[in-house]
>>> print(open('coords.csv').read())   # CSV, C-alpha atoms and all ligand atoms
chain,number,residue,atom,x,y,z
A,273,MET,CA,15.4,32.5,33.3
A,274,ALA,CA,14.4,31.9,29.6
A,275,ARG,CA,16.7,29.5,28.0
A,276,ILE,CA,15.7,30.4,24.5
A,277,LYS,CA,14.2,33.8,23.7
A,278,LEU,CA,13.1,34.8,20.2
A,279,GLN,CA,12.1,38.4,19.7
A,280,ASP,CA,10.3,39.4,16.5
A,281,VAL,CA,12.3,37.2,14.3
A,282,HIS,CA,12.0,37.8,10.5
A,283,LYS,CA,13.5,35.8,7.8
A,284,HIS,CA,13.1,36.1,4.0
A,285,TYR,CA,14.6,34.3,1.2
A,286,GLY,CA,15.5,36.3,-1.9
A,287,GLN,CA,15.2,40.1,-2.3
A,288,GLY,CA,12.8,42.8,-3.3
A,289,ALA,CA,9.5,41.8,-4.9
A,290,ALA,CA,10.6,38.2,-5.3
A,291,ALA,CA,11.4,37.8,-1.6
A,292,PHE,CA,9.6,35.0,0.2
A,293,HIS,CA,8.9,35.7,3.8
A,294,ALA,CA,9.4,32.5,5.7
A,295,LEU,CA,9.3,34.0,9.2
A,296,ARG,CA,7.1,37.0,9.9
A,297,GLY,CA,7.8,38.3,13.4
A,298,VAL,CA,8.2,35.2,15.6
A,299,SER,CA,8.5,35.7,19.3
A,300,LEU,CA,8.8,32.9,21.9
A,301,GLU,CA,10.3,32.3,25.3
A,302,MET,CA,11.2,28.9,26.5
A,303,PRO,CA,12.3,28.3,30.1
A,304,SER,CA,15.1,25.9,30.8
A,305,GLY,CA,14.0,22.2,30.7
A,306,GLU,CA,11.0,22.9,28.5
A,307,PHE,CA,10.0,20.7,25.6
A,308,VAL,CA,8.4,22.7,22.9
A,309,ALA,CA,6.9,21.4,19.7
A,310,LEU,CA,6.8,23.6,16.6
A,311,LEU,CA,3.7,22.3,14.7
A,312,GLY,CA,2.6,23.5,11.4
A,313,PRO,CA,1.8,22.4,7.8
A,314,SER,CA,4.5,22.0,5.3
A,315,GLY,CA,6.0,25.3,4.3
A,316,SER,CA,5.0,27.1,7.4
A,317,GLY,CA,8.5,28.0,8.4
A,318,LYS,CA,9.3,25.4,11.0
A,319,THR,CA,12.7,24.2,9.6
A,320,THR,CA,13.7,27.8,9.0
A,321,LEU,CA,13.0,28.7,12.6
A,322,LEU,CA,14.9,25.7,13.9
A,323,ARG,CA,17.9,26.4,11.6
A,324,ALA,CA,17.9,30.1,12.7
A,325,VAL,CA,18.1,28.9,16.4
A,326,ALA,CA,20.9,26.4,15.4
A,327,GLY,CA,22.8,29.1,13.6
A,328,LEU,CA,22.5,27.3,10.2
A,329,GLU,CA,20.5,30.2,8.9
A,330,THR,CA,20.9,34.0,9.4
A,331,ILE,CA,17.9,36.2,10.2
A,332,ASN,CA,16.9,39.5,8.7
A,333,SER,CA,15.6,41.2,11.8
A,334,GLY,CA,14.7,40.6,15.4
A,335,GLN,CA,17.0,38.6,17.8
A,336,ILE,CA,17.6,35.2,19.3
A,337,GLN,CA,19.1,34.6,22.8
A,338,ILE,CA,20.3,31.3,24.2
A,339,GLY,CA,20.8,31.7,27.9
A,340,ASP,CA,22.5,35.0,28.4
A,341,ASP,CA,24.1,35.0,24.9
A,342,LEU,CA,22.8,37.0,22.1
A,343,VAL,CA,23.4,34.6,19.2
A,344,ALA,CA,21.5,36.3,16.4
A,345,ALA,CA,20.6,39.9,15.7
A,346,PRO,CA,21.1,42.4,12.9
A,347,GLY,CA,24.9,42.4,12.3
A,348,ARG,CA,25.5,39.5,14.7
A,349,HIS,CA,25.6,35.8,13.9
A,350,VAL,CA,27.2,33.4,16.3
A,351,LEU,CA,28.4,30.3,14.4
A,352,PRO,CA,26.5,27.0,15.0
A,353,GLU,CA,29.5,25.3,16.7
A,354,ARG,CA,29.6,28.1,19.3
A,355,ARG,CA,26.0,27.9,20.3
A,356,ASN,CA,26.1,24.7,22.3
A,357,VAL,CA,23.1,23.2,20.6
A,358,GLY,CA,22.5,19.6,19.5
A,359,VAL,CA,20.6,18.9,16.3
A,360,VAL,CA,18.7,15.8,15.1
A,361,PHE,CA,17.6,15.9,11.5
A,362,GLN,CA,14.9,13.9,9.7
A,363,SER,CA,17.6,11.8,8.0
A,364,HIS,CA,20.1,11.0,10.7
A,365,ALA,CA,23.1,12.6,8.7
A,366,LEU,CA,25.7,10.2,10.2
A,367,TRP,CA,29.2,10.0,8.8
A,368,PRO,CA,29.1,6.7,6.9
A,369,HIS,CA,32.8,6.0,7.1
A,370,MET,CA,33.0,6.4,10.9
A,371,THR,CA,31.8,3.8,13.4
A,372,VAL,CA,28.9,4.5,15.7
A,373,PHE,CA,31.4,5.2,18.5
A,374,GLU,CA,33.3,7.7,16.3
A,375,ASN,CA,30.1,9.4,15.2
A,376,VAL,CA,29.1,10.1,18.8
A,377,LEU,CA,32.7,11.0,19.8
A,378,PHE,CA,32.8,13.7,17.1
A,379,PRO,CA,31.1,16.6,19.0
A,380,LEU,CA,33.3,15.9,22.1
A,381,ARG,CA,36.5,16.0,19.9
A,382,GLU,CA,35.3,19.3,18.5
A,383,SER,CA,35.1,20.7,22.0
A,384,GLY,CA,38.7,19.7,22.7
A,385,LEU,CA,38.5,16.4,24.6
A,386,ASN,CA,40.8,13.5,23.7
A,387,GLU,CA,39.4,10.0,23.2
A,388,ALA,CA,40.4,8.7,26.7
A,389,GLN,CA,38.5,11.6,28.3
A,390,ALA,CA,35.5,11.3,26.0
A,391,ARG,CA,35.1,7.5,26.0
A,392,PRO,CA,33.0,7.2,29.2
A,393,ARG,CA,30.6,10.0,28.0
A,394,VAL,CA,30.3,8.4,24.5
A,395,MET,CA,29.5,5.0,26.1
A,396,GLU,CA,27.0,6.6,28.5
A,397,ALA,CA,25.2,8.4,25.6
A,398,LEU,CA,25.1,5.1,23.6
A,399,ALA,CA,23.7,3.3,26.7
A,400,GLN,CA,20.9,5.8,26.9
A,401,VAL,CA,19.7,4.8,23.5
A,402,GLU,CA,20.5,1.1,24.1
A,403,LEU,CA,23.3,1.0,21.5
A,404,GLN,CA,26.3,0.3,23.7
A,405,ASN,CA,26.7,-3.1,22.0
A,406,LEU,CA,26.8,-1.7,18.5
A,407,ALA,CA,29.5,0.9,19.1
A,408,GLN,CA,31.9,-0.6,16.5
A,409,ARG,CA,29.5,-0.9,13.7
A,410,THR,CA,29.3,1.6,10.8
A,411,PRO,CA,26.0,3.3,9.9
A,412,GLY,CA,25.6,1.0,6.9
A,413,GLU,CA,25.3,-2.0,9.3
A,414,LEU,CA,22.4,-0.4,11.2
A,415,SER,CA,18.6,-0.3,10.7
A,416,GLY,CA,16.9,3.1,10.2
A,417,GLY,CA,15.7,3.2,13.8
A,418,GLN,CA,19.2,2.4,15.1
A,419,LYS,CA,20.8,5.1,12.9
A,420,GLN,CA,18.3,7.6,14.3
A,421,ARG,CA,19.2,6.6,17.8
A,422,VAL,CA,22.9,7.2,17.1
A,423,ALA,CA,21.9,10.6,15.9
A,424,LEU,CA,20.1,11.2,19.2
A,425,ALA,CA,23.2,10.1,21.1
A,426,ARG,CA,25.4,12.4,19.1
A,427,ALA,CA,23.1,15.3,19.6
A,428,MET,CA,23.1,14.8,23.4
A,429,VAL,CA,26.6,13.7,24.2
A,430,ALA,CA,28.1,17.2,24.8
A,431,ASN,CA,25.3,18.1,27.2
A,432,PRO,CA,24.0,20.9,24.9
A,433,ARG,CA,21.8,23.5,26.6
A,434,VAL,CA,19.4,23.3,23.6
A,435,VAL,CA,18.5,20.2,21.6
A,436,LEU,CA,16.7,20.8,18.2
A,437,PHE,CA,14.8,18.1,16.4
A,438,ASP,CA,13.6,18.4,12.8
A,439,GLU,CA,11.0,15.8,12.0
A,440,PRO,CA,13.1,13.0,13.6
A,441,LEU,CA,10.5,10.3,13.1
A,442,ALA,CA,9.5,11.2,9.5
A,443,SER,CA,11.7,8.6,7.8
A,444,LEU,CA,10.8,5.7,10.3
A,445,ASP,CA,8.1,3.0,10.0
A,446,VAL,CA,5.1,3.4,12.2
A,447,GLU,CA,6.2,0.6,14.6
A,448,LEU,CA,9.5,2.3,15.2
A,449,ARG,CA,8.0,5.7,15.9
A,450,ARG,CA,6.7,4.9,19.4
A,451,ASP,CA,10.1,3.4,20.2
A,452,MET,CA,11.9,6.6,19.1
A,453,MET,CA,9.3,8.7,21.0
A,454,ARG,CA,10.2,6.8,24.2
A,455,HIS,CA,13.9,7.5,23.6
A,456,ILE,CA,13.3,11.1,22.9
A,457,ASP,CA,11.1,11.5,26.0
A,458,GLN,CA,13.8,9.9,28.1
A,459,LEU,CA,16.3,12.5,27.0
A,460,ARG,CA,14.6,15.4,28.8
A,461,ARG,CA,16.8,17.2,31.2
A,462,PRO,CA,16.0,20.0,33.6
A,463,ASP,CA,19.0,21.9,32.2
A,464,SER,CA,18.4,21.5,28.5
A,465,SER,CA,15.5,22.8,26.4
A,466,MET,CA,14.1,20.9,23.5
A,467,MET,CA,12.6,22.3,20.4
A,468,TYR,CA,10.9,19.7,18.2
A,469,VAL,CA,9.7,20.4,14.7
A,470,THR,CA,6.9,18.3,13.2
A,471,HIS,CA,3.9,18.5,10.9
A,472,ASN,CA,2.4,15.6,12.8
A,473,GLN,CA,-0.2,16.6,15.4
A,474,GLU,CA,0.0,13.3,17.3
A,475,GLU,CA,3.8,13.6,17.9
A,476,ALA,CA,3.6,17.2,18.9
A,477,LEU,CA,0.7,16.6,21.4
A,478,ALA,CA,2.2,13.5,22.8
A,479,LEU,CA,5.7,14.8,23.5
A,480,ALA,CA,5.6,18.5,24.2
A,481,ASP,CA,5.0,20.6,27.3
A,482,ARG,CA,3.8,23.4,25.0
A,483,VAL,CA,3.0,23.4,21.3
A,484,VAL,CA,3.7,26.4,19.1
A,485,VAL,CA,1.4,26.3,16.1
A,486,LEU,CA,2.9,28.0,13.1
A,487,PHE,CA,1.1,29.1,9.9
A,488,ASP,CA,2.7,31.1,7.1
A,489,GLY,CA,5.7,32.1,9.2
A,490,HIS,CA,3.8,33.4,12.2
A,491,ILE,CA,2.6,31.9,15.5
A,492,GLU,CA,-1.1,31.3,15.6
A,493,GLN,CA,-1.3,29.9,19.1
A,494,ILE,CA,1.0,28.7,21.9
A,495,ASP,CA,-0.5,26.4,24.5
A,496,THR,CA,-0.3,23.2,26.4
A,497,PRO,CA,-1.4,20.2,24.3
A,498,VAL,CA,-4.7,19.8,26.3
A,499,ARG,CA,-5.6,23.5,25.9
A,500,LEU,CA,-4.7,23.5,22.3
A,501,CYS,CA,-7.2,20.7,21.6
A,502,ARG,CA,-9.9,21.8,24.0
A,503,GLU,CA,-9.7,25.6,23.5
A,504,PRO,CA,-8.4,26.4,20.0
A,505,GLN,CA,-8.2,30.2,19.5
A,506,THR,CA,-8.7,30.2,15.7
A,507,GLU,CA,-10.5,28.1,13.2
A,508,ARG,CA,-7.5,26.8,11.5
A,509,VAL,CA,-5.9,25.7,14.8
A,510,ALA,CA,-9.2,23.9,15.5
A,511,ARG,CA,-9.0,22.1,12.2
A,512,PHE,CA,-5.3,21.4,12.0
A,513,VAL,CA,-4.6,20.4,15.5
A,514,GLY,CA,-7.7,18.6,16.7
A,515,SER,CA,-9.5,17.9,13.4
A,516,GLY,CA,-12.3,19.9,15.0
A,517,ASN,CA,-15.7,20.4,13.4
A,518,LEU,CA,-16.8,24.0,13.1
A,519,LEU,CA,-20.5,24.7,13.0
A,520,SER,CA,-22.4,27.9,13.0
A,521,GLY,CA,-24.8,28.2,16.0
A,522,ARG,CA,-26.4,30.8,18.2
A,523,ARG,CA,-26.6,31.6,21.9
A,524,VAL,CA,-30.0,30.8,23.4
A,525,GLY,CA,-29.3,32.0,27.0
A,526,ALA,CA,-26.8,33.5,29.3
A,527,ALA,CA,-23.5,31.8,30.0
A,528,ARG,CA,-22.9,30.6,33.6
A,529,ASP,CA,-19.8,29.0,35.1
A,530,GLY,CA,-18.1,28.9,31.7
A,531,LEU,CA,-21.0,27.1,30.0
A,532,ALA,CA,-23.3,28.7,27.5
A,533,PRO,CA,-26.6,27.3,26.2
A,534,VAL,CA,-26.3,27.3,22.4
A,535,ALA,CA,-28.3,25.8,19.5
A,536,VAL,CA,-27.6,24.5,16.0
A,537,GLY,CA,-30.9,24.5,14.1
A,538,ASP,CA,-33.5,23.5,16.7
A,539,TYR,CA,-31.2,21.4,18.8
A,540,SER,CA,-29.8,23.1,21.9
A,541,PHE,CA,-26.9,22.0,24.1
A,542,GLU,CA,-24.2,23.4,26.4
A,543,ALA,CA,-20.9,24.6,25.1
A,544,ARG,CA,-17.8,25.7,27.0
A,545,ASP,CA,-17.5,29.4,26.7
A,546,ALA,CA,-14.6,31.6,27.8
A,547,SER,CA,-15.2,34.3,25.2
A,548,LEU,CA,-17.3,36.5,27.4
A,549,GLY,CA,-18.9,37.4,24.1
A,550,SER,CA,-22.4,38.5,23.7
A,551,GLN,CA,-23.0,38.1,20.0
A,552,ALA,CA,-26.0,35.9,19.1
A,553,GLN,CA,-24.1,34.1,16.3
A,554,VAL,CA,-21.3,31.9,17.4
A,555,ARG,CA,-18.9,29.4,15.8
A,556,LEU,CA,-18.7,26.1,17.7
A,557,CYS,CA,-15.9,23.7,17.7
A,558,LEU,CA,-16.9,20.0,18.2
A,559,ALA,CA,-14.1,17.4,18.4
A,560,PRO,CA,-14.7,14.2,16.4
A,561,THR,CA,-15.2,12.3,19.6
A,562,ALA,CA,-17.6,14.8,21.1
A,563,MET,CA,-20.7,13.4,19.5
A,564,ALA,CA,-22.6,10.2,20.4
A,565,ARG,CA,-25.1,8.3,18.3
A,566,VAL,CA,-28.5,8.1,20.0
A,567,GLU,CA,-32.0,6.9,19.0
A,568,PRO,CA,-33.5,8.7,16.1
A,569,GLY,CA,-36.4,10.1,18.1
A,570,LEU,CA,-34.2,11.9,20.6
A,571,PRO,CA,-33.0,15.5,20.4
A,572,GLY,CA,-29.8,15.9,18.4
A,573,LEU,CA,-28.2,16.8,15.2
A,574,SER,CA,-28.9,14.8,12.1
A,575,ALA,CA,-26.1,13.8,9.8
A,576,ARG,CA,-25.9,11.6,6.8
A,577,VAL,CA,-23.0,9.1,6.6
A,578,GLU,CA,-20.8,9.4,3.5
A,579,HIS,CA,-17.8,7.3,4.4
A,580,VAL,CA,-16.9,4.8,7.1
A,581,PHE,CA,-13.3,3.9,7.9
A,582,PHE,CA,-12.8,1.0,10.3
A,583,GLN,CA,-10.0,1.8,12.7
A,584,GLY,CA,-9.7,-1.4,14.8
A,585,ASN,CA,-11.4,-0.1,18.0
A,586,ALA,CA,-13.6,2.6,16.5
A,587,TYR,CA,-15.0,4.0,13.3
A,588,ALA,CA,-13.9,7.2,11.7
A,589,VAL,CA,-16.9,8.6,9.9
A,590,ASP,CA,-17.3,11.4,7.3
A,591,ALA,CA,-20.8,12.7,7.5
A,592,VAL,CA,-22.8,15.7,6.3
A,593,LEU,CA,-25.0,17.7,8.7
A,594,GLN,CA,-28.7,17.7,7.6
A,595,GLY,CA,-29.8,21.3,8.0
A,596,VAL,CA,-29.9,24.7,6.5
A,597,VAL,CA,-26.2,24.5,5.8
A,598,ALA,CA,-24.8,21.1,4.8
A,599,GLU,CA,-21.6,21.3,6.8
A,600,PRO,CA,-19.2,18.4,6.8
A,601,LEU,CA,-18.8,16.5,10.1
A,602,SER,CA,-15.9,14.2,11.0
A,603,LEU,CA,-16.8,11.7,13.7
A,604,VAL,CA,-15.1,9.0,15.7
A,605,LEU,CA,-17.8,6.5,16.9
A,606,PRO,CA,-17.5,3.4,19.0
A,607,LEU,CA,-18.0,0.0,17.4
A,608,GLU,CA,-21.5,-0.4,18.9
A,609,ALA,CA,-22.6,2.7,17.0
A,610,GLN,CA,-22.4,0.6,13.8
A,611,PRO,CA,-22.5,3.4,11.3
A,612,ARG,CA,-23.1,2.5,7.7
A,613,ARG,CA,-22.8,4.5,4.5
A,614,GLY,CA,-26.1,6.3,3.8
A,615,ASP,CA,-27.4,6.1,7.4
A,616,VAL,CA,-28.8,9.3,8.8
A,617,LEU,CA,-27.4,9.4,12.4
A,618,ARG,CA,-28.9,11.2,15.3
A,619,LEU,CA,-26.1,12.8,17.3
A,620,GLN,CA,-26.0,14.1,20.8
A,621,VAL,CA,-23.4,16.7,21.5
A,622,ARG,CA,-21.4,15.8,24.6
A,623,ASP,CA,-18.9,18.6,24.5
A,624,ALA,CA,-18.4,21.8,22.5
A,625,TRP,CA,-16.3,24.9,22.6
A,626,VAL,CA,-17.4,28.5,21.6
A,627,MET,CA,-14.7,29.9,19.3
A,628,PRO,CA,-13.4,33.2,20.6
A,629,GLU,CA,-14.7,36.2,18.6
A,630,GLY,CA,-12.6,38.4,16.5
A,631,ARG,CA,-9.8,36.1,15.7
A,632,HIS,CA,-11.2,34.5,12.6
A,633,SER,CA,-8.4,33.5,10.3
A,634,ALA,CA,-8.4,32.4,6.7
B,1,LIG,P1,8.6,23.8,6.9
B,1,LIG,O1,9.8,23.2,7.6
B,1,LIG,O2,7.5,24.3,7.8
B,1,LIG,O3,8.0,22.9,5.9
B,1,LIG,P2,10.5,25.7,5.7
B,1,LIG,O4,11.0,26.5,6.9
B,1,LIG,O5,11.4,24.6,5.2
B,1,LIG,O6,9.0,25.1,6.1
B,1,LIG,O7,10.1,26.6,4.5
B,1,LIG,C1,9.3,27.7,4.7
B,1,LIG,C2,9.1,28.4,3.4
B,1,LIG,O8,10.4,29.0,3.0
B,1,LIG,C3,8.8,27.4,2.3
B,1,LIG,O9,7.8,28.0,1.4
B,1,LIG,C4,10.0,27.2,1.5
B,1,LIG,O10,9.8,26.9,0.1
B,1,LIG,C5,10.8,28.5,1.7
B,1,LIG,N1,12.2,28.3,1.7
B,1,LIG,C6,12.9,27.5,2.6
B,1,LIG,N2,14.2,27.5,2.4
B,1,LIG,C7,14.4,28.3,1.3
B,1,LIG,C8,15.6,28.7,0.6
B,1,LIG,N3,16.8,28.3,0.9
B,1,LIG,N4,15.4,29.6,-0.5
B,1,LIG,C9,14.1,30.0,-0.8
B,1,LIG,N5,13.0,29.6,-0.2
B,1,LIG,C10,13.1,28.8,0.9
B,2,MG,MG,10.7,21.3,7.4
>>> encode(input="coords.csv", output="C-alpha cells")
Amino acid sequence: MARIKLQDVHKHYGQGAAAFHALRGVSLEMPSGEFVALLGPSGSGKTTLLRAVAGLETINSGQIQIGDDLVAAPGRHVLPERRNVGVVFQSHALWPHMTVFENVLFPLRESGLNEAQARPRVMEALAQVELQNLAQRTPGELSGGQKQRVALARAMVANPRVVLFDEPLASLDVELRRDMMRHIDQLRRPDSSMMYVTHNQEEALALADRVVVLFDGHIEQIDTPVRLCREPQTERVARFVGSGNLLSGRRVGAARDGLAPVAVGDYSFEARDASLGSQAQVRLCLAPTAMARVEPGLPGLSARVEHVFFQGNAYAVDAVLQGVVAEPLSLVLPLEAQPRRGDVLRLQVRDAWVMPEGRHSA
C-alpha cells in the first residue's frame, strides 16, 4: 500500500495574473519504508511540496493521502499535528530555552504521554543519534552538527509514519555532512517513509531509493539513482543530475542488444540506446567520467583544454570539442592523463547514452 500518495497537486501563491505557480500538477506514490529524495534547483517547488505534505501549506487542487487518510484536498486540510509526520528543517529549529531532553520530549508530550512514560523513548531516540550524554544541555551549548542530530531525534521520537527533511545538511560544514548522512541513513524504518528535499545531487543520489527530479513545479523524472545518472530522460536532467555532456551525433548502423553504433564527426563508437528511435540525428549524453585520454593518432574526439581543476585523486577539466560545433565538454580524468591548459586531447568514448526522442525540454 502506498504510504504517501500525491495526485495532481497544484499550489500557487497570490491570485489572478500575479499568481505564482509553485506546483503544477505533481503526482507521486511512495510505498511504506521508501526513502525518496526531491531534487531540483532553487525555486523549483521542493519546499512547497514538503510543506504541503506536512500540512504547513494548503494546496489549491489535487489531493494528498498519507496511509488511508486523505489529509489534503479541495475543502479539506488536516492540521500538521494530526498527520503523524516528523519534520527536520535546514536550521534545526530547536527551542533554545529547553534542554535537549525537553526538546525531544516535546512531540511525545503533545501526543499525551507524561514524562515517566516518555523518558525511555526519548533516551532511545537520543541514543540513536549518539547524544544520550548531552541530554541536559541546552541547544546553545551544542555544535551545529549536534543540534541537527537533536532535530533528527525529535523528528523520529514519536515513530512518525512519514519523516520529512528540508535540506538538513545545508547549514553544516563539509566534514559534518557525511556524519549526518550516516545518522539519517540509520533512521530508515520499514514502517516509515522518508521524503528528503535537497538541491544537492550527491546527497540525493547517495541516500535515496528513488529520486524525484523537480523543475519549475513539475516532475521531470522519477528513477533510482543509478538509472537517473545512466539513463536521463531529458537534457536538463542529464545536465543537472549527472553533469552530463550533450553532443549532437548520428546513427551509423542498426541498434542491437540495446547498443547503437553512432558517430560524432568522423569518430564512431557505441552508445546505449533504449529509444527504439530511428532518426538519423541523435543527442548523446556522455558522463564526465565516460571519456579516456588516448594517444593523438588514435580514433577519438578532439577537445581543447580550457581549465584544469585538481581534485586530489583526479582532474576536473573544462574543454571544448574541436569540430563543426564547438560544444563544451566537462571531463574527469585520472592523474596519469596529465591534462594541461591549451592541450588538445584525444578522447575515446567508453560509454554513451542516446537521449530519448521527443522529450526535449528547455
Ligand atoms: P525550493 O524549495 O525548490 O527552492 P520553494 O518551494 O521554496 O522552492 O519555492 C518555489 C517558488 O515559490 C519560488 O519561486 C518561491 O519564490 C515561491 N514561493 C515560495 N513561498 C512563497 C510564498 N509564501 N509567497 C510567494 N511565493 C512563494
Ligand atoms: Mg527550499
>>> residues_around(input="coords.csv", residues="segment 572-583 of chain A", least_positions_apart="5", cutoff="10 Å", atoms="only C-alpha atoms", output="tab-separated table (two decimals) with C-alpha atoms, keeping the file's coordinate frame")
chain	number	residue	atom	x	y	z
A	535	ALA	CA	-28.30	25.80	19.50
A	536	VAL	CA	-27.60	24.50	16.00
A	537	GLY	CA	-30.90	24.50	14.10
A	538	ASP	CA	-33.50	23.50	16.70
A	539	TYR	CA	-31.20	21.40	18.80
A	540	SER	CA	-29.80	23.10	21.90
A	541	PHE	CA	-26.90	22.00	24.10
A	563	MET	CA	-20.70	13.40	19.50
A	564	ALA	CA	-22.60	10.20	20.40
A	565	ARG	CA	-25.10	8.30	18.30
A	566	VAL	CA	-28.50	8.10	20.00
A	567	GLU	CA	-32.00	6.90	19.00
A	588	ALA	CA	-13.90	7.20	11.70
A	589	VAL	CA	-16.90	8.60	9.90
A	590	ASP	CA	-17.30	11.40	7.30
A	591	ALA	CA	-20.80	12.70	7.50
A	592	VAL	CA	-22.80	15.70	6.30
A	593	LEU	CA	-25.00	17.70	8.70
A	594	GLN	CA	-28.70	17.70	7.60
A	595	GLY	CA	-29.80	21.30	8.00
A	598	ALA	CA	-24.80	21.10	4.80
A	599	GLU	CA	-21.60	21.30	6.80
A	600	PRO	CA	-19.20	18.40	6.80
A	601	LEU	CA	-18.80	16.50	10.10
A	602	SER	CA	-15.90	14.20	11.00
A	603	LEU	CA	-16.80	11.70	13.70
A	604	VAL	CA	-15.10	9.00	15.70
A	605	LEU	CA	-17.80	6.50	16.90
A	606	PRO	CA	-17.50	3.40	19.00
A	607	LEU	CA	-18.00	0.00	17.40
A	610	GLN	CA	-22.40	0.60	13.80
A	611	PRO	CA	-22.50	3.40	11.30
A	612	ARG	CA	-23.10	2.50	7.70
A	613	ARG	CA	-22.80	4.50	4.50
A	614	GLY	CA	-26.10	6.30	3.80
A	615	ASP	CA	-27.40	6.10	7.40
A	616	VAL	CA	-28.80	9.30	8.80
A	617	LEU	CA	-27.40	9.40	12.40
A	618	ARG	CA	-28.90	11.20	15.30
A	619	LEU	CA	-26.10	12.80	17.30
A	620	GLN	CA	-26.00	14.10	20.80
A	621	VAL	CA	-23.40	16.70	21.50
>>> closest_atom_pairs(input="coords.csv", of="chain A", to="ligand LIG 1 (chain B)", cutoff="12 Å", atoms="all atoms listed in the file", output="Markdown table")
| residue | atom | partner | partner_atom | distance |
| --- | --- | --- | --- | --- |
| A:His282 | CA | B:LIG1 | O8 | 11.7 |
| A:Lys283 | CA | B:LIG1 | O8 | 8.9 |
| A:His284 | CA | B:LIG1 | O8 | 7.7 |
| A:Tyr285 | CA | B:LIG1 | C9 | 4.8 |
| A:Gly286 | CA | B:LIG1 | C9 | 6.5 |
| A:Gln287 | CA | B:LIG1 | C9 | 10.3 |
| A:Ala290 | CA | B:LIG1 | C9 | 10.0 |
| A:Ala291 | CA | B:LIG1 | C9 | 8.3 |
| A:Phe292 | CA | B:LIG1 | N5 | 6.4 |
| A:His293 | CA | B:LIG1 | O8 | 6.9 |
| A:Ala294 | CA | B:LIG1 | O8 | 4.5 |
| A:Leu295 | CA | B:LIG1 | C1 | 7.7 |
| A:Arg296 | CA | B:LIG1 | C1 | 10.9 |
| A:Leu310 | CA | B:LIG1 | O2 | 8.9 |
| A:Leu311 | CA | B:LIG1 | O2 | 8.1 |
| A:Gly312 | CA | B:LIG1 | O2 | 6.1 |
| A:Pro313 | CA | B:LIG1 | O2 | 6.0 |
| A:Ser314 | CA | B:LIG1 | O3 | 3.7 |
| A:Gly315 | CA | B:LIG1 | O6 | 3.5 |
| A:Ser316 | CA | B:LIG1 | O2 | 3.8 |
| A:Gly317 | CA | B:LIG1 | O4 | 3.3 |
| A:Lys318 | CA | B:LIG1 | O2 | 3.8 |
| A:Thr319 | CA | B:LIG1 | O1 | 3.7 |
| A:Thr320 | CA | B:LIG1 | O4 | 3.7 |
| A:Leu321 | CA | B:LIG1 | O4 | 6.4 |
| A:Leu322 | CA | B:LIG1 | O4 | 8.1 |
| A:Arg323 | CA | B:LIG1 | O4 | 8.3 |
| A:Ala324 | CA | B:LIG1 | O4 | 9.7 |
| A:Leu328 | CA | B:LIG1 | N3 | 11.0 |
| A:Glu329 | CA | B:LIG1 | N3 | 9.0 |
| A:Thr330 | CA | B:LIG1 | N3 | 11.0 |
| A:Phe361 | CA | B:LIG1 | O1 | 11.4 |
| A:Gln362 | CA | B:LIG1 | O1 | 10.8 |
| A:Phe437 | CA | B:LIG1 | O1 | 11.3 |
| A:Asp438 | CA | B:LIG1 | O1 | 8.0 |
| A:Glu439 | CA | B:LIG1 | O1 | 8.7 |
| A:Tyr468 | CA | B:LIG1 | O1 | 11.2 |
| A:Val469 | CA | B:LIG1 | O1 | 7.6 |
| A:Thr470 | CA | B:LIG1 | O1 | 8.0 |
| A:His471 | CA | B:LIG1 | O2 | 7.5 |
| A:Asn472 | CA | B:LIG1 | O2 | 11.3 |
| A:Val485 | CA | B:LIG1 | O2 | 10.5 |
| A:Leu486 | CA | B:LIG1 | O2 | 7.9 |
| A:Phe487 | CA | B:LIG1 | O2 | 8.3 |
| A:Asp488 | CA | B:LIG1 | C1 | 7.8 |
| A:Gly489 | CA | B:LIG1 | C1 | 7.3 |
| A:His490 | CA | B:LIG1 | O2 | 10.8 |
| A:Ile491 | CA | B:LIG1 | O2 | 11.9 |
>>> closest_atom_pairs(input="coords.csv", of="segment 340-404 of chain A", to="segment 425-434 of chain A", cutoff="7 Å", atoms="all atoms listed in the file", output="CSV")
residue,atom,partner,partner_atom,distance
A:Asn356,CA,A:Pro432,CA,5.1
A:Val357,CA,A:Val434,CA,4.8
A:Gly358,CA,A:Ala427,CA,4.3
A:Val359,CA,A:Ala427,CA,5.5
A:Val360,CA,A:Ala427,CA,6.3
A:Asn375,CA,A:Arg426,CA,6.8
A:Val376,CA,A:Arg426,CA,4.4
A:Pro379,CA,A:Ala430,CA,6.6
A:Leu380,CA,A:Ala430,CA,6.0
A:Arg393,CA,A:Val429,CA,6.6
A:Val394,CA,A:Val429,CA,6.5
A:Ala397,CA,A:Ala425,CA,5.2
A:Leu398,CA,A:Ala425,CA,5.9
A:Val401,CA,A:Ala425,CA,6.8
>>> atom_distance(input="coords.csv", atom1="atom CA of Gly416 of chain A", atom2="atom CA of Ala399 of chain A")
17.8 Å
>>> atom_distance(input="coords.csv", atom1="atom CA of Ala562 of chain A", atom2="atom CA of Asp623 of chain A")
5.3 Å
>>> residues_around(input="coords.csv", residues="segment 450-453 of chain A", least_positions_apart="5", cutoff="9 Å", atoms="all atoms listed in the file", output="list of chain:residue names")
A:Gly417, A:Gln420, A:Arg421, A:Pro440, A:Leu441, A:Leu444, A:Gln458, A:Glu475, A:Ala478, A:Leu479
>>> closest_residue(input="coords.csv", among="A:Ala442, A:Met302, A:Asn517, A:Glu382", to="ligand MG 2 (chain B)", atoms="only C-alpha atoms and all ligand atoms")
A:Ala442
>>> closest_residue(input="coords.csv", among="A:Val281, A:Val308, A:Ile336, A:Val597", to="Met467 of chain A", atoms="only C-alpha atoms")
A:Val308
>>> atom_distance(input="coords.csv", atom1="atom CA of Gln493 of chain A", atom2="atom CA of Gly297 of chain A")
13.6 Å
>>> closest_residue(input="coords.csv", among="A:Leu459, A:Val446, A:Leu477, A:Met627", to="Gly549 of chain A", atoms="only C-alpha atoms")
A:Met627
>>> closest_residue(input="coords.csv", among="A:Ser363, A:Ser550, A:Gln335, A:Thr561", to="ligand MG 2 (chain B)", atoms="only C-alpha atoms and all ligand atoms")
A:Ser363
>>> residues_around(input="coords.csv", residues="Gln553 of chain A", least_positions_apart="5", cutoff="9 Å", atoms="all atoms listed in the file", output="PDB file with C-alpha atoms, in the coordinates of the input")
ATOM      1  CA  SER A 520     -22.400  27.900  13.000  1.00  0.00           C
ATOM      2  CA  GLY A 521     -24.800  28.200  16.000  1.00  0.00           C
ATOM      3  CA  ARG A 522     -26.400  30.800  18.200  1.00  0.00           C
ATOM      4  CA  ARG A 523     -26.600  31.600  21.900  1.00  0.00           C
TER       5      ARG A 523
END
